[in-house]
Structures are given as C-alpha cells and as structure tokens.
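Peer 1: You'll find target-v8.cif just under this line, and it carries mmCIF, N, CA and C atoms.
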```
data_structure
#
loop_
_atom_site.label_atom_id
_atom_site.label_comp_id
_atom_site.auth_asym_id
_atom_site.auth_seq_id
_atom_site.Cartn_x
_atom_site.Cartn_y
_atom_site.Cartn_z
N MET A 1 -12.28 10.48 -6.45
CA MET A 1 -11.47 11.15 -7.44
C MET A 1 -12.23 11.16 -8.77
N SER A 2 -12.32 12.32 -9.37
CA SER A 2 -13.05 12.45 -10.64
C SER A 2 -12.31 11.74 -11.77
N ASP A 3 -13.04 11.46 -12.84
CA ASP A 3 -12.43 10.83 -14.01
C ASP A 3 -11.31 11.69 -14.59
N LEU A 4 -11.52 13.02 -14.61
CA LEU A 4 -10.50 13.92 -15.15
C LEU A 4 -9.26 13.92 -14.26
N MET A 5 -9.45 13.84 -12.96
CA MET A 5 -8.32 13.79 -12.04
C MET A 5 -7.56 12.47 -12.22
N LYS A 6 -8.27 11.37 -12.40
CA LYS A 6 -7.63 10.07 -12.65
C LYS A 6 -6.83 10.12 -13.95
N LYS A 7 -7.44 10.68 -14.98
CA LYS A 7 -6.74 10.81 -16.26
C LYS A 7 -5.50 11.68 -16.10
N GLY A 8 -5.64 12.79 -15.37
CA GLY A 8 -4.51 13.67 -15.12
C GLY A 8 -3.36 12.96 -14.44
N MET A 9 -3.66 12.14 -13.46
CA MET A 9 -2.61 11.40 -12.76
C MET A 9 -1.98 10.36 -13.69
N GLU A 10 -2.77 9.71 -14.51
CA GLU A 10 -2.23 8.73 -15.46
C GLU A 10 -1.29 9.41 -16.46
N VAL A 11 -1.71 10.55 -16.99
CA VAL A 11 -0.89 11.26 -17.98
C VAL A 11 0.36 11.82 -17.30
N ARG A 12 0.20 12.38 -16.13
CA ARG A 12 1.35 12.92 -15.39
C ARG A 12 2.40 11.85 -15.16
N ARG A 13 1.96 10.67 -14.76
CA ARG A 13 2.89 9.56 -14.53
C ARG A 13 3.53 9.09 -15.84
N ALA A 14 2.74 9.05 -16.91
CA ALA A 14 3.26 8.60 -18.20
C ALA A 14 4.32 9.56 -18.74
N VAL A 15 4.12 10.84 -18.53
CA VAL A 15 5.05 11.85 -19.06
C VAL A 15 6.25 12.05 -18.15
N LEU A 16 6.02 12.21 -16.87
CA LEU A 16 7.11 12.53 -15.94
C LEU A 16 7.76 11.32 -15.29
N GLY A 17 7.05 10.20 -15.30
CA GLY A 17 7.56 8.98 -14.68
C GLY A 17 7.05 8.82 -13.26
N ASP A 18 6.88 7.57 -12.87
CA ASP A 18 6.36 7.28 -11.53
C ASP A 18 7.24 7.84 -10.42
N ALA A 19 8.55 7.71 -10.56
CA ALA A 19 9.45 8.16 -9.50
C ALA A 19 9.29 9.66 -9.23
N HIS A 20 9.21 10.45 -10.30
CA HIS A 20 9.05 11.90 -10.13
C HIS A 20 7.72 12.21 -9.44
N VAL A 21 6.65 11.60 -9.91
CA VAL A 21 5.32 11.88 -9.35
C VAL A 21 5.25 11.38 -7.91
N ASP A 22 5.81 10.22 -7.63
CA ASP A 22 5.81 9.71 -6.25
C ASP A 22 6.54 10.66 -5.32
N ARG A 23 7.68 11.21 -5.76
CA ARG A 23 8.41 12.18 -4.93
C ARG A 23 7.56 13.42 -4.68
N ALA A 24 6.89 13.90 -5.72
CA ALA A 24 6.04 15.10 -5.57
C ALA A 24 4.92 14.82 -4.57
N ILE A 25 4.31 13.66 -4.66
CA ILE A 25 3.21 13.30 -3.75
C ILE A 25 3.73 13.18 -2.31
N GLU A 26 4.88 12.52 -2.15
CA GLU A 26 5.46 12.36 -0.81
C GLU A 26 5.79 13.69 -0.16
N ARG A 27 6.17 14.67 -0.95
CA ARG A 27 6.55 15.99 -0.42
C ARG A 27 5.37 16.94 -0.25
N THR A 28 4.19 16.52 -0.68
CA THR A 28 3.01 17.38 -0.60
C THR A 28 2.62 17.63 0.85
N THR A 29 2.33 18.89 1.14
CA THR A 29 1.87 19.28 2.47
C THR A 29 0.50 19.94 2.34
N ASP A 30 -0.07 20.33 3.47
CA ASP A 30 -1.34 21.04 3.43
C ASP A 30 -1.23 22.34 2.63
N LEU A 31 -0.05 22.93 2.63
CA LEU A 31 0.16 24.20 1.93
C LEU A 31 0.06 24.05 0.42
N ASP A 32 0.64 22.98 -0.13
CA ASP A 32 0.66 22.85 -1.58
C ASP A 32 -0.27 21.77 -2.13
N ALA A 33 -1.04 21.10 -1.29
CA ALA A 33 -1.97 20.06 -1.77
C ALA A 33 -2.97 20.62 -2.79
N PRO A 34 -3.56 21.80 -2.55
CA PRO A 34 -4.48 22.34 -3.56
C PRO A 34 -3.78 22.62 -4.89
N PHE A 35 -2.53 23.06 -4.85
CA PHE A 35 -1.76 23.30 -6.07
C PHE A 35 -1.50 22.00 -6.81
N GLN A 36 -1.11 20.95 -6.09
CA GLN A 36 -0.89 19.64 -6.72
C GLN A 36 -2.16 19.15 -7.40
N ASP A 37 -3.29 19.33 -6.73
CA ASP A 37 -4.58 18.93 -7.34
C ASP A 37 -4.85 19.75 -8.60
N LEU A 38 -4.58 21.06 -8.54
CA LEU A 38 -4.81 21.95 -9.68
C LEU A 38 -3.99 21.53 -10.89
N ILE A 39 -2.69 21.29 -10.69
CA ILE A 39 -1.87 20.94 -11.85
C ILE A 39 -2.22 19.55 -12.38
N THR A 40 -2.59 18.64 -11.49
CA THR A 40 -2.98 17.31 -11.96
C THR A 40 -4.25 17.39 -12.78
N LEU A 41 -5.20 18.16 -12.33
CA LEU A 41 -6.48 18.30 -13.03
C LEU A 41 -6.34 19.15 -14.30
N ALA A 42 -5.80 20.34 -14.16
CA ALA A 42 -5.78 21.29 -15.28
C ALA A 42 -4.66 21.01 -16.28
N ALA A 43 -3.42 20.95 -15.78
CA ALA A 43 -2.30 20.77 -16.70
C ALA A 43 -2.28 19.36 -17.29
N TRP A 44 -2.37 18.36 -16.42
CA TRP A 44 -2.21 16.98 -16.88
C TRP A 44 -3.50 16.36 -17.36
N GLY A 45 -4.62 16.63 -16.72
CA GLY A 45 -5.90 16.05 -17.13
C GLY A 45 -6.51 16.75 -18.33
N THR A 46 -6.54 18.08 -18.28
CA THR A 46 -7.20 18.85 -19.33
C THR A 46 -6.28 19.13 -20.52
N VAL A 47 -5.11 19.69 -20.27
CA VAL A 47 -4.23 20.09 -21.38
C VAL A 47 -3.45 18.90 -21.94
N TRP A 48 -2.60 18.29 -21.13
CA TRP A 48 -1.80 17.17 -21.61
C TRP A 48 -2.67 15.96 -21.94
N GLY A 49 -3.83 15.85 -21.31
CA GLY A 49 -4.72 14.72 -21.55
C GLY A 49 -5.53 14.83 -22.83
N ASN A 50 -5.47 15.97 -23.47
CA ASN A 50 -6.19 16.19 -24.73
C ASN A 50 -5.39 15.56 -25.87
N ASP A 51 -6.07 14.81 -26.72
CA ASP A 51 -5.38 14.10 -27.80
C ASP A 51 -5.32 14.86 -29.13
N ASN A 52 -5.66 16.15 -29.14
CA ASN A 52 -5.65 16.89 -30.40
C ASN A 52 -4.25 17.10 -30.97
N ILE A 53 -3.25 17.15 -30.10
CA ILE A 53 -1.86 17.15 -30.56
C ILE A 53 -1.12 16.08 -29.76
N THR A 54 0.02 15.66 -30.27
CA THR A 54 0.76 14.57 -29.65
C THR A 54 1.53 15.04 -28.41
N ARG A 55 1.93 14.09 -27.61
CA ARG A 55 2.77 14.41 -26.45
C ARG A 55 4.13 14.95 -26.90
N ARG A 56 4.62 14.46 -28.01
CA ARG A 56 5.87 14.99 -28.58
C ARG A 56 5.72 16.49 -28.84
N GLU A 57 4.62 16.86 -29.50
CA GLU A 57 4.38 18.27 -29.79
C GLU A 57 4.19 19.07 -28.51
N ARG A 58 3.51 18.49 -27.53
CA ARG A 58 3.32 19.19 -26.25
C ARG A 58 4.65 19.43 -25.56
N SER A 59 5.54 18.45 -25.64
CA SER A 59 6.88 18.64 -25.05
C SER A 59 7.59 19.82 -25.69
N MET A 60 7.55 19.87 -27.01
CA MET A 60 8.21 20.95 -27.72
C MET A 60 7.61 22.31 -27.35
N LEU A 61 6.29 22.37 -27.31
CA LEU A 61 5.62 23.61 -26.94
C LEU A 61 5.95 24.01 -25.50
N THR A 62 5.90 23.05 -24.62
CA THR A 62 6.16 23.34 -23.20
C THR A 62 7.57 23.86 -23.01
N LEU A 63 8.55 23.20 -23.61
CA LEU A 63 9.93 23.66 -23.47
C LEU A 63 10.11 25.06 -24.06
N ALA A 64 9.52 25.30 -25.21
CA ALA A 64 9.63 26.63 -25.82
C ALA A 64 8.98 27.70 -24.94
N LEU A 65 7.81 27.39 -24.42
CA LEU A 65 7.12 28.37 -23.56
C LEU A 65 7.86 28.62 -22.26
N LEU A 66 8.38 27.56 -21.65
CA LEU A 66 9.16 27.74 -20.42
C LEU A 66 10.38 28.62 -20.68
N ALA A 67 11.09 28.35 -21.77
CA ALA A 67 12.27 29.14 -22.09
C ALA A 67 11.90 30.58 -22.43
N ALA A 68 10.87 30.75 -23.24
CA ALA A 68 10.49 32.10 -23.69
C ALA A 68 10.02 32.98 -22.53
N THR A 69 9.43 32.36 -21.52
CA THR A 69 8.93 33.14 -20.38
C THR A 69 9.91 33.18 -19.22
N GLY A 70 11.09 32.59 -19.43
CA GLY A 70 12.12 32.63 -18.39
C GLY A 70 11.83 31.72 -17.20
N ASN A 71 11.00 30.72 -17.38
CA ASN A 71 10.68 29.78 -16.31
C ASN A 71 11.61 28.57 -16.43
N PHE A 72 12.86 28.80 -16.10
CA PHE A 72 13.92 27.82 -16.35
C PHE A 72 13.93 26.64 -15.38
N ASP A 73 13.36 26.81 -14.19
CA ASP A 73 13.42 25.74 -13.19
C ASP A 73 12.78 24.44 -13.67
N GLU A 74 11.79 24.51 -14.51
CA GLU A 74 11.10 23.30 -14.95
C GLU A 74 11.66 22.71 -16.25
N ILE A 75 12.62 23.38 -16.85
CA ILE A 75 13.18 22.87 -18.11
C ILE A 75 13.84 21.50 -17.92
N PRO A 76 14.68 21.29 -16.90
CA PRO A 76 15.26 19.95 -16.75
C PRO A 76 14.20 18.85 -16.61
N MET A 77 13.17 19.09 -15.86
CA MET A 77 12.10 18.11 -15.70
C MET A 77 11.47 17.77 -17.05
N HIS A 78 11.24 18.79 -17.88
CA HIS A 78 10.60 18.55 -19.17
C HIS A 78 11.57 18.00 -20.20
N ILE A 79 12.87 18.25 -20.04
CA ILE A 79 13.85 17.57 -20.89
C ILE A 79 13.83 16.08 -20.57
N ARG A 80 13.82 15.75 -19.28
CA ARG A 80 13.75 14.34 -18.89
C ARG A 80 12.48 13.69 -19.43
N ALA A 81 11.38 14.44 -19.43
CA ALA A 81 10.11 13.90 -19.91
C ALA A 81 10.14 13.55 -21.39
N THR A 82 11.04 14.17 -22.15
CA THR A 82 11.10 13.85 -23.59
C THR A 82 11.39 12.38 -23.84
N ALA A 83 12.03 11.72 -22.88
CA ALA A 83 12.28 10.28 -23.00
C ALA A 83 10.97 9.51 -23.05
N ASN A 84 9.91 10.10 -22.50
CA ASN A 84 8.59 9.45 -22.47
C ASN A 84 7.63 9.99 -23.51
N THR A 85 7.93 11.15 -24.06
CA THR A 85 6.97 11.77 -24.99
C THR A 85 7.35 11.60 -26.46
N GLY A 86 8.56 11.18 -26.71
CA GLY A 86 9.00 10.99 -28.08
C GLY A 86 9.63 12.22 -28.71
N ALA A 87 9.76 13.30 -27.96
CA ALA A 87 10.45 14.48 -28.49
C ALA A 87 11.95 14.20 -28.50
N SER A 88 12.55 14.30 -29.65
CA SER A 88 13.98 14.01 -29.80
C SER A 88 14.82 15.24 -29.42
N ARG A 89 16.10 15.03 -29.36
CA ARG A 89 17.01 16.17 -29.13
C ARG A 89 16.87 17.17 -30.27
N GLN A 90 16.72 16.68 -31.48
CA GLN A 90 16.54 17.58 -32.61
C GLN A 90 15.26 18.40 -32.45
N ASP A 91 14.19 17.78 -31.95
CA ASP A 91 12.95 18.51 -31.69
C ASP A 91 13.17 19.63 -30.68
N VAL A 92 13.94 19.33 -29.65
CA VAL A 92 14.23 20.34 -28.63
C VAL A 92 15.04 21.48 -29.23
N ILE A 93 16.03 21.14 -30.03
CA ILE A 93 16.84 22.17 -30.70
C ILE A 93 15.94 23.06 -31.55
N GLU A 94 15.04 22.45 -32.32
CA GLU A 94 14.14 23.24 -33.18
C GLU A 94 13.26 24.16 -32.35
N ALA A 95 12.72 23.64 -31.25
CA ALA A 95 11.85 24.46 -30.40
C ALA A 95 12.63 25.65 -29.83
N LEU A 96 13.86 25.40 -29.40
CA LEU A 96 14.65 26.48 -28.81
C LEU A 96 15.19 27.44 -29.86
N GLN A 97 15.32 27.00 -31.11
CA GLN A 97 15.65 27.92 -32.20
C GLN A 97 14.52 28.95 -32.35
N HIS A 98 13.29 28.47 -32.26
CA HIS A 98 12.15 29.38 -32.33
C HIS A 98 12.17 30.38 -31.17
N VAL A 99 12.53 29.88 -30.00
CA VAL A 99 12.63 30.78 -28.84
C VAL A 99 13.65 31.87 -29.13
N ALA A 100 14.80 31.50 -29.68
CA ALA A 100 15.84 32.49 -29.96
C ALA A 100 15.33 33.59 -30.87
N ILE A 101 14.61 33.21 -31.92
CA ILE A 101 14.13 34.18 -32.89
C ILE A 101 12.97 35.00 -32.34
N TYR A 102 12.02 34.36 -31.69
CA TYR A 102 10.78 35.04 -31.32
C TYR A 102 10.76 35.57 -29.88
N ALA A 103 11.65 35.07 -29.02
CA ALA A 103 11.62 35.52 -27.63
C ALA A 103 12.96 36.03 -27.13
N GLY A 104 14.02 35.73 -27.87
CA GLY A 104 15.32 36.26 -27.49
C GLY A 104 16.39 35.21 -27.31
N VAL A 105 17.57 35.56 -27.77
CA VAL A 105 18.72 34.67 -27.70
C VAL A 105 19.09 34.32 -26.25
N PRO A 106 19.09 35.27 -25.31
CA PRO A 106 19.47 34.89 -23.94
C PRO A 106 18.57 33.80 -23.34
N CYS A 107 17.28 33.86 -23.61
CA CYS A 107 16.37 32.82 -23.11
C CYS A 107 16.70 31.46 -23.72
N ALA A 108 16.89 31.44 -25.02
CA ALA A 108 17.22 30.19 -25.70
C ALA A 108 18.58 29.67 -25.26
N ASN A 109 19.54 30.56 -25.11
CA ASN A 109 20.88 30.17 -24.70
C ASN A 109 20.86 29.50 -23.33
N HIS A 110 20.14 30.09 -22.39
CA HIS A 110 20.08 29.51 -21.05
C HIS A 110 19.35 28.16 -21.07
N ALA A 111 18.28 28.08 -21.84
CA ALA A 111 17.53 26.83 -21.95
C ALA A 111 18.41 25.73 -22.57
N LEU A 112 19.21 26.09 -23.57
CA LEU A 112 20.13 25.11 -24.18
C LEU A 112 21.18 24.64 -23.18
N LYS A 113 21.66 25.55 -22.36
CA LYS A 113 22.63 25.19 -21.33
C LYS A 113 22.01 24.15 -20.39
N LEU A 114 20.78 24.40 -19.97
CA LEU A 114 20.08 23.46 -19.08
C LEU A 114 19.80 22.13 -19.77
N ALA A 115 19.44 22.20 -21.05
CA ALA A 115 19.18 20.97 -21.81
C ALA A 115 20.46 20.13 -21.90
N LYS A 116 21.58 20.77 -22.21
CA LYS A 116 22.85 20.04 -22.32
C LYS A 116 23.21 19.38 -20.99
N GLN A 117 23.05 20.11 -19.89
CA GLN A 117 23.35 19.55 -18.57
C GLN A 117 22.44 18.36 -18.27
N THR A 118 21.16 18.51 -18.57
CA THR A 118 20.19 17.46 -18.27
C THR A 118 20.42 16.23 -19.12
N TYR A 119 20.66 16.41 -20.41
CA TYR A 119 20.96 15.27 -21.27
C TYR A 119 22.21 14.53 -20.78
N ALA A 120 23.23 15.27 -20.34
CA ALA A 120 24.45 14.64 -19.82
C ALA A 120 24.14 13.82 -18.57
N GLU A 121 23.32 14.37 -17.68
CA GLU A 121 22.90 13.63 -16.48
C GLU A 121 22.13 12.38 -16.85
N MET A 122 21.24 12.49 -17.85
CA MET A 122 20.46 11.34 -18.27
C MET A 122 21.35 10.24 -18.83
N GLU A 123 22.40 10.62 -19.53
CA GLU A 123 23.32 9.64 -20.10
C GLU A 123 24.11 8.92 -19.01
N ASN A 124 24.37 9.62 -17.90
CA ASN A 124 25.13 9.04 -16.81
C ASN A 124 24.29 8.20 -15.85
N ASP A 125 22.97 8.31 -15.97
CA ASP A 125 22.08 7.54 -15.09
C ASP A 125 21.93 6.11 -15.53
#
```
If you took the structure in this file and wrote it as structure tokens, what would it be?

Peer 2:
Amino acid sequence: MSDLMKKGMEVRRAVLGDAHVDRAIERTTDLDAPFQDLITLAAWGTVWGNDNITRRERSMLTLALLAATGNFDEIPMHIRATANTGASRQDVIEALQHVAIYAGVPCANHALKLAKQTYAEMEND
C-alpha cells in the first residue's frame, strides 16, 4: 500500500469514523474494489489529506457542493462527519445559505431537510 493510500485510509477513518469505513470495506466486492481504492487515494489521500484548508472548511465545502449538485445521498454521511471535523451546525447552515443563493433554494431546502433528520438521528444515538 502506497504512503498516499495509507494517508487516505487514515483521513477517511478520522473523518467518517471506523465503523463507517469498516462497513464499506466489508461490503466491497470485485465490482467496486477499484472505486473504493480510487476514493481512498484521490478523495481522502489527496484532497482531504491536504492541510492547506481545515477539515472543518472541507466539511462545509463538501456539504455545499453535494447540495448544489443535487447529490443528496451523501449528505447524511457528511453531516455525521461534522462531529469529527469540527464543522458546527451553524457552519452547515451558513454553507447551505450559500447554496440557496448561488445554486437554488430547492437544493438548499432538501439538504436542510436531510441535515435536520440526520442531526435528530445523531441525538438519539
């Protein structure tokens, strides 16, 4: 395993939590193994592993980009990750306010709905 892949796995675990990453690894098949390697290397090792901006800022950017592009399935996962990245609920609100203005109210509205549901689940866990 390359150093960048090791770093990617360390960052992935730090942001998403061991339980989430362990479930993803357990569910990996021959079909999606190359994809899992790609996201670990590129997303987690190269992008999230870069220290030029904080993990808090990366959380805010990621949530805004997911909402703005209509990629809602990953929003709950990244809301949960804020517990590890330091992004507060207020940070999430600010990021989604930007989505409303620059990408559209429906995208921000749906993302807020998902955030509210996820925060409620986190409180009940």

Peer 1: My list of candidates is A:Val105, A:Ala120, A:Asn71, A:Gly8. Which is closest to Val47 (chain A) when distances are computed with all atoms listed in the file?

Peer 2: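 Looking only at the distances to Val47 (chain A), the closest residue turns out to be A:Gly8.
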
Peer 1: Mind listing the helix (DSSP H, G or I) residues of region 6-112 of chain A, per DSSP on the backbone, as a VMD selection string?

Peer 2: chain A and resid 6 to 16 18 to 26 33 to 47 55 to 68 72 to 85 89 to 102 105 to 112

Peer 1: Evaluate the PyMOL selection byres ((chain A and resi 42-46) around 8) against this structure - the residues, as a PyMOL selection string, please.

Peer 2: chain A and resi 3-13+36-41+47-51

Peer 1: What is the atom C of Ala68 (chain A) to atom N of Glu26 (chain A) distance in Å?

Peer 2: 29.3 Å

Peer 1: May I ask for the distance between atom N of Arg27 (chain A) and atom N of Asp125 (chain A), given in Å to one decimal place?

Peer 2: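 Separation of atom N of Arg27 (chain A) and atom N of Asp125 (chain A): 23.4 Å.
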
Peer 1: Compare A:Gly17, A:Gly104, A:Gly86, A:Pro76 by their minimum atom-to-atom distance to Glu57 (chain A), counting only C-alpha atoms, and give me the closest one.

Peer 2: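 Ranking A:Gly17, A:Gly104, A:Gly86, A:Pro76 by distance to Glu57 (chain A), first place goes to A:Gly86.
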
Peer 1: Work out how far apart atom N of Gln90 (chain A) and atom N of Ala103 (chain A) are and give it in Å to one decimal.

Peer 2: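 Atom N of Gln90 (chain A) sits 19.2 Å away from atom N of Ala103 (chain A).
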
Peer 1: Skip Leu65 (chain A) itself and residues of its chain fewer than 2 positions away, then list as a list in words all residues within 12 Å of it, counting only C-alpha atoms.

Peer 2: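 Surrounding residues, per the criterion: Arg58, Ser59, Met60, Leu61, Thr62, Leu63, Ala67, Ala68, Thr69, Gly70, Asn71, Phe72, Glu74, Ile75, His78, Val92, Ala95, Leu96, His98, Val99, Ala100, Tyr102, Ala103, Cys107, Ala108 and Ala111 of chain A.
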
Peer 1: Between A:Arg80, A:Ala87, A:Ile93, A:Asn52, which has the minimum distance to Gln117 (chain A) (counting only C-alpha atoms)?

Peer 2: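 Ranked by minimum distance to Gln117 (chain A), first place goes to A:Arg80.
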
Peer 1: I'd like the neighbourhood of Ile79 (chain A) as JSON, numbers by chain, where a residue qualifies if any of its atoms comes within 8 Å (using only C-alpha atoms), though same-chain residues fewer than 2 positions away should be ignored.

Peer 2: {"A": [63, 75, 76, 77, 81, 82, 83, 115, 118, 119]}

Peer 1: Residues as selected, N, CA and C atoms, written as an mmCIF file, in the frame of the given file, can you do that?

Peer 2:
```cif
data_model
loop_
_atom_site.group_PDB
_atom_site.id
_atom_site.type_symbol
_atom_site.label_atom_id
_atom_site.label_comp_id
_atom_site.auth_asym_id
_atom_site.auth_seq_id
_atom_site.Cartn_x
_atom_site.Cartn_y
_atom_site.Cartn_z
ATOM 1 N N LEU A 63 8.550 23.200 -23.610
ATOM 2 C CA LEU A 63 9.930 23.660 -23.470
ATOM 3 C C LEU A 63 10.110 25.060 -24.060
ATOM 4 N N ILE A 75 12.620 23.380 -16.850
ATOM 5 C CA ILE A 75 13.180 22.870 -18.110
ATOM 6 C C ILE A 75 13.840 21.500 -17.920
ATOM 7 N N PRO A 76 14.680 21.290 -16.900
ATOM 8 C CA PRO A 76 15.260 19.950 -16.750
ATOM 9 C C PRO A 76 14.200 18.850 -16.610
ATOM 10 N N MET A 77 13.170 19.090 -15.860
ATOM 11 C CA MET A 77 12.100 18.110 -15.700
ATOM 12 C C MET A 77 11.470 17.770 -17.050
ATOM 13 N N ALA A 81 11.380 14.440 -19.430
ATOM 14 C CA ALA A 81 10.110 13.900 -19.910
ATOM 15 C C ALA A 81 10.140 13.550 -21.390
ATOM 16 N N THR A 82 11.040 14.170 -22.150
ATOM 17 C CA THR A 82 11.100 13.850 -23.590
ATOM 18 C C THR A 82 11.390 12.380 -23.840
ATOM 19 N N ALA A 83 12.030 11.720 -22.880
ATOM 20 C CA ALA A 83 12.280 10.280 -23.000
ATOM 21 C C ALA A 83 10.970 9.510 -23.050
ATOM 22 N N ALA A 115 19.440 22.200 -21.050
ATOM 23 C CA ALA A 115 19.180 20.970 -21.810
ATOM 24 C C ALA A 115 20.460 20.130 -21.900
ATOM 25 N N THR A 118 21.160 18.510 -18.570
ATOM 26 C CA THR A 118 20.190 17.460 -18.270
ATOM 27 C C THR A 118 20.420 16.230 -19.120
ATOM 28 N N TYR A 119 20.660 16.410 -20.410
ATOM 29 C CA TYR A 119 20.960 15.270 -21.270
ATOM 30 C C TYR A 119 22.210 14.530 -20.780
#
```

Peer 1: Restricted to N, CA and C atoms, what does region 46-73 of chain A look like when written out as a PDB file, in the first residue's frame?

Peer 2:
```pdb
ATOM      1  N   THR A  46      -5.523  12.547  -1.308  1.00  0.00           N
ATOM      2  CA  THR A  46      -5.058  13.750  -1.999  1.00  0.00           C
ATOM      3  C   THR A  46      -5.821  15.001  -1.570  1.00  0.00           C
ATOM      4  N   VAL A  47      -7.144  14.973  -1.622  1.00  0.00           N
ATOM      5  CA  VAL A  47      -7.931  16.179  -1.333  1.00  0.00           C
ATOM      6  C   VAL A  47      -8.086  16.400   0.172  1.00  0.00           C
ATOM      7  N   TRP A  48      -8.741  15.484   0.861  1.00  0.00           N
ATOM      8  CA  TRP A  48      -8.950  15.653   2.298  1.00  0.00           C
ATOM      9  C   TRP A  48      -7.634  15.579   3.071  1.00  0.00           C
ATOM     10  N   GLY A  49      -6.644  14.911   2.522  1.00  0.00           N
ATOM     11  CA  GLY A  49      -5.354  14.779   3.193  1.00  0.00           C
ATOM     12  C   GLY A  49      -4.464  16.001   3.076  1.00  0.00           C
ATOM     13  N   ASN A  50      -4.864  16.949   2.262  1.00  0.00           N
ATOM     14  CA  ASN A  50      -4.107  18.187   2.085  1.00  0.00           C
ATOM     15  C   ASN A  50      -4.413  19.129   3.249  1.00  0.00           C
ATOM     16  N   ASP A  51      -3.371  19.700   3.829  1.00  0.00           N
ATOM     17  CA  ASP A  51      -3.554  20.557   5.006  1.00  0.00           C
ATOM     18  C   ASP A  51      -3.695  22.050   4.691  1.00  0.00           C
ATOM     19  N   ASN A  52      -3.893  22.418   3.433  1.00  0.00           N
ATOM     20  CA  ASN A  52      -3.999  23.837   3.095  1.00  0.00           C
ATOM     21  C   ASN A  52      -5.264  24.491   3.638  1.00  0.00           C
ATOM     22  N   ILE A  53      -6.323  23.716   3.802  1.00  0.00           N
ATOM     23  CA  ILE A  53      -7.513  24.206   4.494  1.00  0.00           C
ATOM     24  C   ILE A  53      -7.889  23.159   5.543  1.00  0.00           C
ATOM     25  N   THR A  54      -8.684  23.572   6.519  1.00  0.00           N
ATOM     26  CA  THR A  54      -9.024  22.682   7.628  1.00  0.00           C
ATOM     27  C   THR A  54     -10.087  21.667   7.233  1.00  0.00           C
ATOM     28  N   ARG A  55     -10.208  20.642   8.034  1.00  0.00           N
ATOM     29  CA  ARG A  55     -11.275  19.655   7.815  1.00  0.00           C
ATOM     30  C   ARG A  55     -12.644  20.289   8.026  1.00  0.00           C
ATOM     31  N   ARG A  56     -12.734  21.233   8.934  1.00  0.00           N
ATOM     32  CA  ARG A  56     -13.982  21.978   9.134  1.00  0.00           C
ATOM     33  C   ARG A  56     -14.394  22.653   7.823  1.00  0.00           C
ATOM     34  N   GLU A  57     -13.443  23.344   7.211  1.00  0.00           N
ATOM     35  CA  GLU A  57     -13.731  24.023   5.941  1.00  0.00           C
ATOM     36  C   GLU A  57     -14.071  23.022   4.848  1.00  0.00           C
ATOM     37  N   ARG A  58     -13.378  21.897   4.828  1.00  0.00           N
ATOM     38  CA  ARG A  58     -13.674  20.863   3.819  1.00  0.00           C
ATOM     39  C   ARG A  58     -15.079  20.316   4.001  1.00  0.00           C
ATOM     40  N   SER A  59     -15.497  20.143   5.252  1.00  0.00           N
ATOM     41  CA  SER A  59     -16.872  19.685   5.501  1.00  0.00           C
ATOM     42  C   SER A  59     -17.880  20.663   4.927  1.00  0.00           C
ATOM     43  N   MET A  60     -17.662  21.939   5.186  1.00  0.00           N
ATOM     44  CA  MET A  60     -18.579  22.959   4.696  1.00  0.00           C
ATOM     45  C   MET A  60     -18.616  22.970   3.170  1.00  0.00           C
ATOM     46  N   LEU A  61     -17.451  22.907   2.557  1.00  0.00           N
ATOM     47  CA  LEU A  61     -17.386  22.880   1.091  1.00  0.00           C
ATOM     48  C   LEU A  61     -18.070  21.638   0.529  1.00  0.00           C
ATOM     49  N   THR A  62     -17.780  20.509   1.133  1.00  0.00           N
ATOM     50  CA  THR A  62     -18.348  19.250   0.643  1.00  0.00           C
ATOM     51  C   THR A  62     -19.859  19.263   0.723  1.00  0.00           C
ATOM     52  N   LEU A  63     -20.394  19.687   1.863  1.00  0.00           N
ATOM     53  CA  LEU A  63     -21.846  19.738   2.004  1.00  0.00           C
ATOM     54  C   LEU A  63     -22.473  20.713   1.005  1.00  0.00           C
ATOM     55  N   ALA A  64     -21.851  21.860   0.829  1.00  0.00           N
ATOM     56  CA  ALA A  64     -22.381  22.834  -0.139  1.00  0.00           C
ATOM     57  C   ALA A  64     -22.344  22.274  -1.558  1.00  0.00           C
ATOM     58  N   LEU A  65     -21.246  21.639  -1.911  1.00  0.00           N
ATOM     59  CA  LEU A  65     -21.131  21.079  -3.266  1.00  0.00           C
ATOM     60  C   LEU A  65     -22.105  19.933  -3.495  1.00  0.00           C
ATOM     61  N   LEU A  66     -22.249  19.067  -2.502  1.00  0.00           N
ATOM     62  CA  LEU A  66     -23.218  17.971  -2.638  1.00  0.00           C
ATOM     63  C   LEU A  66     -24.626  18.513  -2.832  1.00  0.00           C
ATOM     64  N   ALA A  67     -24.996  19.506  -2.027  1.00  0.00           N
ATOM     65  CA  ALA A  67     -26.336  20.089  -2.143  1.00  0.00           C
ATOM     66  C   ALA A  67     -26.512  20.807  -3.471  1.00  0.00           C
ATOM     67  N   ALA A  68     -25.520  21.600  -3.853  1.00  0.00           N
ATOM     68  CA  ALA A  68     -25.629  22.398  -5.083  1.00  0.00           C
ATOM     69  C   ALA A  68     -25.732  21.532  -6.328  1.00  0.00           C
ATOM     70  N   THR A  69     -25.104  20.362  -6.289  1.00  0.00           N
ATOM     71  CA  THR A  69     -25.131  19.478  -7.459  1.00  0.00           C
ATOM     72  C   THR A  69     -26.218  18.416  -7.371  1.00  0.00           C
ATOM     73  N   GLY A  70     -27.027  18.486  -6.307  1.00  0.00           N
ATOM     74  CA  GLY A  70     -28.132  17.540  -6.167  1.00  0.00           C
ATOM     75  C   GLY A  70     -27.700  16.137  -5.791  1.00  0.00           C
ATOM     76  N   ASN A  71     -26.523  15.989  -5.221  1.00  0.00           N
ATOM     77  CA  ASN A  71     -26.029  14.677  -4.793  1.00  0.00           C
ATOM     78  C   ASN A  71     -26.382  14.477  -3.316  1.00  0.00           C
ATOM     79  N   PHE A  72     -27.657  14.279  -3.075  1.00  0.00           N
ATOM     80  CA  PHE A  72     -28.191  14.276  -1.719  1.00  0.00           C
ATOM     81  C   PHE A  72     -27.890  13.008  -0.923  1.00  0.00           C
ATOM     82  N   ASP A  73     -27.615  11.893  -1.600  1.00  0.00           N
ATOM     83  CA  ASP A  73     -27.409  10.630  -0.887  1.00  0.00           C
ATOM     84  C   ASP A  73     -26.248  10.687   0.101  1.00  0.00           C
TER      85      ASP A  73
END
```
